[in-house]
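Enquirer: Please see the structure below; I have some questions.
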Amino acid sequence: GAGVSQSPRYKVAKRGQDVALRCDPISGHVSLFWYQQALGQGPEFLTYFQNEAQLDKSGLPSDRFFAERPEGSVSTLKIQRTQQEDSAVYLCASSFPLAEQYFGPGTRLTVT
Amino acid sequence: QKEVEQDPGPLSVPEGAIVSLNCTYSNSAFQYFMWYRQYSRKGPELLMYTYSSGNKEDGRFTAQVDKSSKYISLFIRDSQPSDSATYLCAMKSGNEKLTFGTGTRLTIIP
């Protein structure tokens, strides 16, 4: 594919619902990243995969957040029991190791 | 105090002007410096990627890094209305995760 794709583009969830956000990285990119961008702020790192291995999850805000990349390509970010403070844009990026990161369009999550 | 500081603006300049955007940082371990452009409701788009201190030019864009002052800049020459966007500085050390500034919202007035 031409770039990183994410789905859904928009998600509205009621407080307490579980959500799953999908990321399709650029073909061949080994590294995959998730970032959270609050309104009016820069993206903040959540977690990072190299192939299927999750090498850094230091940015996940709580144990309600979980990410996986079981086959080393597509990744899913899952948020359990969503809270209002989880409302943000969730960005996925991919890259070759130690190279520039290319971002997808993001998923805008609104928790009501 | 945030590791990366960036004036959020907003910044408005007339078309054709030179735009100067900048960030300061506190973590001396940062080695790689990037500038991203983000249009409304889109993902960040990489503009410039630099490693060492000094200048890097690409078309109308020049990135400048001063590691001794922990200060980076992006200059846009001959600014166009299509340059209106939020500009994010980002940096990383030897690991992979990026640390971003808040972003500066720029408007070019025709």
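Going by the structure tokens order, chains are called A, B, ..., each with residues numbered from 1, while ligands are numbered from 1 in the order shown.
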Counting only C-alpha atoms, which residues of chain A sit at most 12 Å from some atom of chain B, and what is each one's closest atom pair with its distance in Å to one decimal, listed by chain and rising residue number, as a Markdown table?
Expert:
```
| residue | atom | partner | partner_atom | distance |
| --- | --- | --- | --- | --- |
| A:Gly3 | CA | B:Glu45 | CA | 11.1 |
| A:Val4 | CA | B:Gly43 | CA | 9.7 |
| A:Ser5 | CA | B:Gly43 | CA | 10.3 |
| A:Gln6 | CA | B:Gly43 | CA | 10.3 |
| A:Arg9 | CA | B:Arg41 | CA | 9.8 |
| A:Tyr10 | CA | B:Arg41 | CA | 10.6 |
| A:Ser31 | CA | B:Glu96 | CA | 8.8 |
| A:Leu32 | CA | B:Glu96 | CA | 9.9 |
| A:Phe33 | CA | B:Lys97 | CA | 7.9 |
| A:Trp34 | CA | B:Lys97 | CA | 9.6 |
| A:Tyr35 | CA | B:Leu98 | CA | 9.2 |
| A:Gln36 | CA | B:Phe100 | CA | 11.2 |
| A:Gln37 | CA | B:Thr102 | CA | 9.8 |
| A:Ala38 | CA | B:Thr102 | CA | 10.0 |
| A:Leu39 | CA | B:Thr102 | CA | 10.1 |
| A:Gly40 | CA | B:Thr102 | CA | 7.2 |
| A:Gln41 | CA | B:Thr102 | CA | 4.8 |
| A:Gly42 | CA | B:Thr102 | CA | 4.4 |
| A:Pro43 | CA | B:Phe100 | CA | 6.2 |
| A:Glu44 | CA | B:Thr99 | CA | 6.9 |
| A:Phe45 | CA | B:Lys97 | CA | 6.5 |
| A:Leu46 | CA | B:Lys97 | CA | 8.9 |
| A:Thr47 | CA | B:Lys97 | CA | 8.2 |
| A:Tyr48 | CA | B:Lys97 | CA | 7.5 |
| A:Phe49 | CA | B:Glu96 | CA | 9.8 |
| A:Gln50 | CA | B:Glu96 | CA | 10.0 |
| A:Leu55 | CA | B:Glu96 | CA | 9.8 |
| A:Asp56 | CA | B:Lys97 | CA | 8.6 |
| A:Lys57 | CA | B:Lys97 | CA | 10.3 |
| A:Ser58 | CA | B:Lys97 | CA | 10.1 |
| A:Gly59 | CA | B:Lys97 | CA | 9.7 |
| A:Ala88 | CA | B:Arg41 | CA | 11.7 |
| A:Val89 | CA | B:Arg41 | CA | 9.1 |
| A:Tyr90 | CA | B:Gly43 | CA | 9.6 |
| A:Leu91 | CA | B:Gly43 | CA | 7.1 |
| A:Cys92 | CA | B:Gly43 | CA | 8.8 |
| A:Ala93 | CA | B:Gly43 | CA | 9.3 |
| A:Ser94 | CA | B:Glu96 | CA | 10.8 |
| A:Ser95 | CA | B:Glu96 | CA | 9.8 |
| A:Phe96 | CA | B:Glu96 | CA | 10.5 |
| A:Pro97 | CA | B:Glu96 | CA | 8.1 |
| A:Leu98 | CA | B:Glu96 | CA | 6.3 |
| A:Ala99 | CA | B:Glu96 | CA | 8.6 |
| A:Glu100 | CA | B:Tyr49 | CA | 7.4 |
| A:Gln101 | CA | B:Leu46 | CA | 7.8 |
| A:Tyr102 | CA | B:Leu46 | CA | 7.0 |
| A:Phe103 | CA | B:Gly43 | CA | 5.8 |
| A:Gly104 | CA | B:Gly43 | CA | 5.5 |
| A:Pro105 | CA | B:Gly43 | CA | 4.1 |
| A:Gly106 | CA | B:Gly43 | CA | 5.9 |
| A:Thr107 | CA | B:Gly43 | CA | 9.5 |
| A:Arg108 | CA | B:Arg41 | CA | 8.7 |
```
Enquirer: Just how far from atom CA of B:Leu47 is atom CA of B:Gln80, in Å to one decimal?
Expert: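 Separation of atom CA of B:Gln80 and atom CA of B:Leu47: 15.4 Å.
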Enquirer: Just the strand (DSSP E) stuff from chain B, please, per backbone DSSP, written as a ChimeraX atom specification.
Expert: /B:4-6,11-14,19-25,32-38,45-50,54-58,61-66,71-76,85-92,99-100,104-109
Enquirer: Please determine, counting only C-alpha atoms, which residue among A:Ser7, A:Asn51, A:Leu60, A:Val74 has the shortest atom-to-atom distance to A:Val19.
Expert: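 Ranked by minimum distance to A:Val19, first place goes to A:Ser7.
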Enquirer: Can you pull out the residues contacting stretch 52-54 of chain A? Cut-off 6 Å, using only C-alpha atoms, and skip same-chain residues under 6 positions away; I want them as number ranges by chain.
Expert: A: 69-72
Enquirer: One decimal, in Å: what's the spacing between atom CA of A:Leu77 and atom CA of A:Phe65?
Expert: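 Taking atom CA of A:Leu77 as the start and atom CA of A:Phe65 as the end point, the length is 7.3 Å.
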Enquirer: What lies within 8 Å of B:Gly54 using only C-alpha atoms, ignoring chain neighbours under 6 positions off, as a list in words?
Expert: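 Result of the neighbour search: Gln64, Val65 and Asp66 of chain B.
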Enquirer: Give me a file of those residues, with all heavy atoms, as a PDB file, in the first residue's frame.
Expert:
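Generated output (again.pdb):
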```
ATOM      1  N   GLN B  64      17.526  23.750  11.050  1.00  0.00           N
ATOM      2  CA  GLN B  64      18.770  24.148  11.718  1.00  0.00           C
ATOM      3  C   GLN B  64      18.805  23.511  13.097  1.00  0.00           C
ATOM      4  O   GLN B  64      17.799  23.536  13.819  1.00  0.00           O
ATOM      5  CB  GLN B  64      18.773  25.682  11.836  1.00  0.00           C
ATOM      6  CG  GLN B  64      20.086  26.312  12.179  1.00  0.00           C
ATOM      7  CD  GLN B  64      19.967  27.830  12.050  1.00  0.00           C
ATOM      8  OE1 GLN B  64      19.411  28.487  12.920  1.00  0.00           O
ATOM      9  NE2 GLN B  64      20.498  28.375  10.975  1.00  0.00           N
ATOM     10  N   VAL B  65      19.941  22.932  13.451  1.00  0.00           N
ATOM     11  CA  VAL B  65      20.104  22.297  14.757  1.00  0.00           C
ATOM     12  C   VAL B  65      21.326  22.889  15.441  1.00  0.00           C
ATOM     13  O   VAL B  65      22.404  22.958  14.846  1.00  0.00           O
ATOM     14  CB  VAL B  65      20.282  20.768  14.617  1.00  0.00           C
ATOM     15  CG1 VAL B  65      20.593  20.137  15.968  1.00  0.00           C
ATOM     16  CG2 VAL B  65      19.043  20.132  14.010  1.00  0.00           C
ATOM     17  N   ASP B  66      21.144  23.312  16.677  1.00  0.00           N
ATOM     18  CA  ASP B  66      22.256  23.797  17.507  1.00  0.00           C
ATOM     19  C   ASP B  66      22.247  22.971  18.791  1.00  0.00           C
ATOM     20  O   ASP B  66      21.534  23.299  19.741  1.00  0.00           O
ATOM     21  CB  ASP B  66      22.092  25.287  17.789  1.00  0.00           C
ATOM     22  CG  ASP B  66      23.246  25.854  18.614  1.00  0.00           C
ATOM     23  OD1 ASP B  66      24.049  25.069  19.155  1.00  0.00           O
ATOM     24  OD2 ASP B  66      23.341  27.084  18.718  1.00  0.00           O
TER      25      ASP B  66
END
```
Enquirer: Give the answer as one residue: which of B:Ser73, B:Ser93, B:Gln31, B:Ser79 has the shortest atom-to-atom distance to B:Val13, using only C-alpha atoms?
Expert: B:Ser79
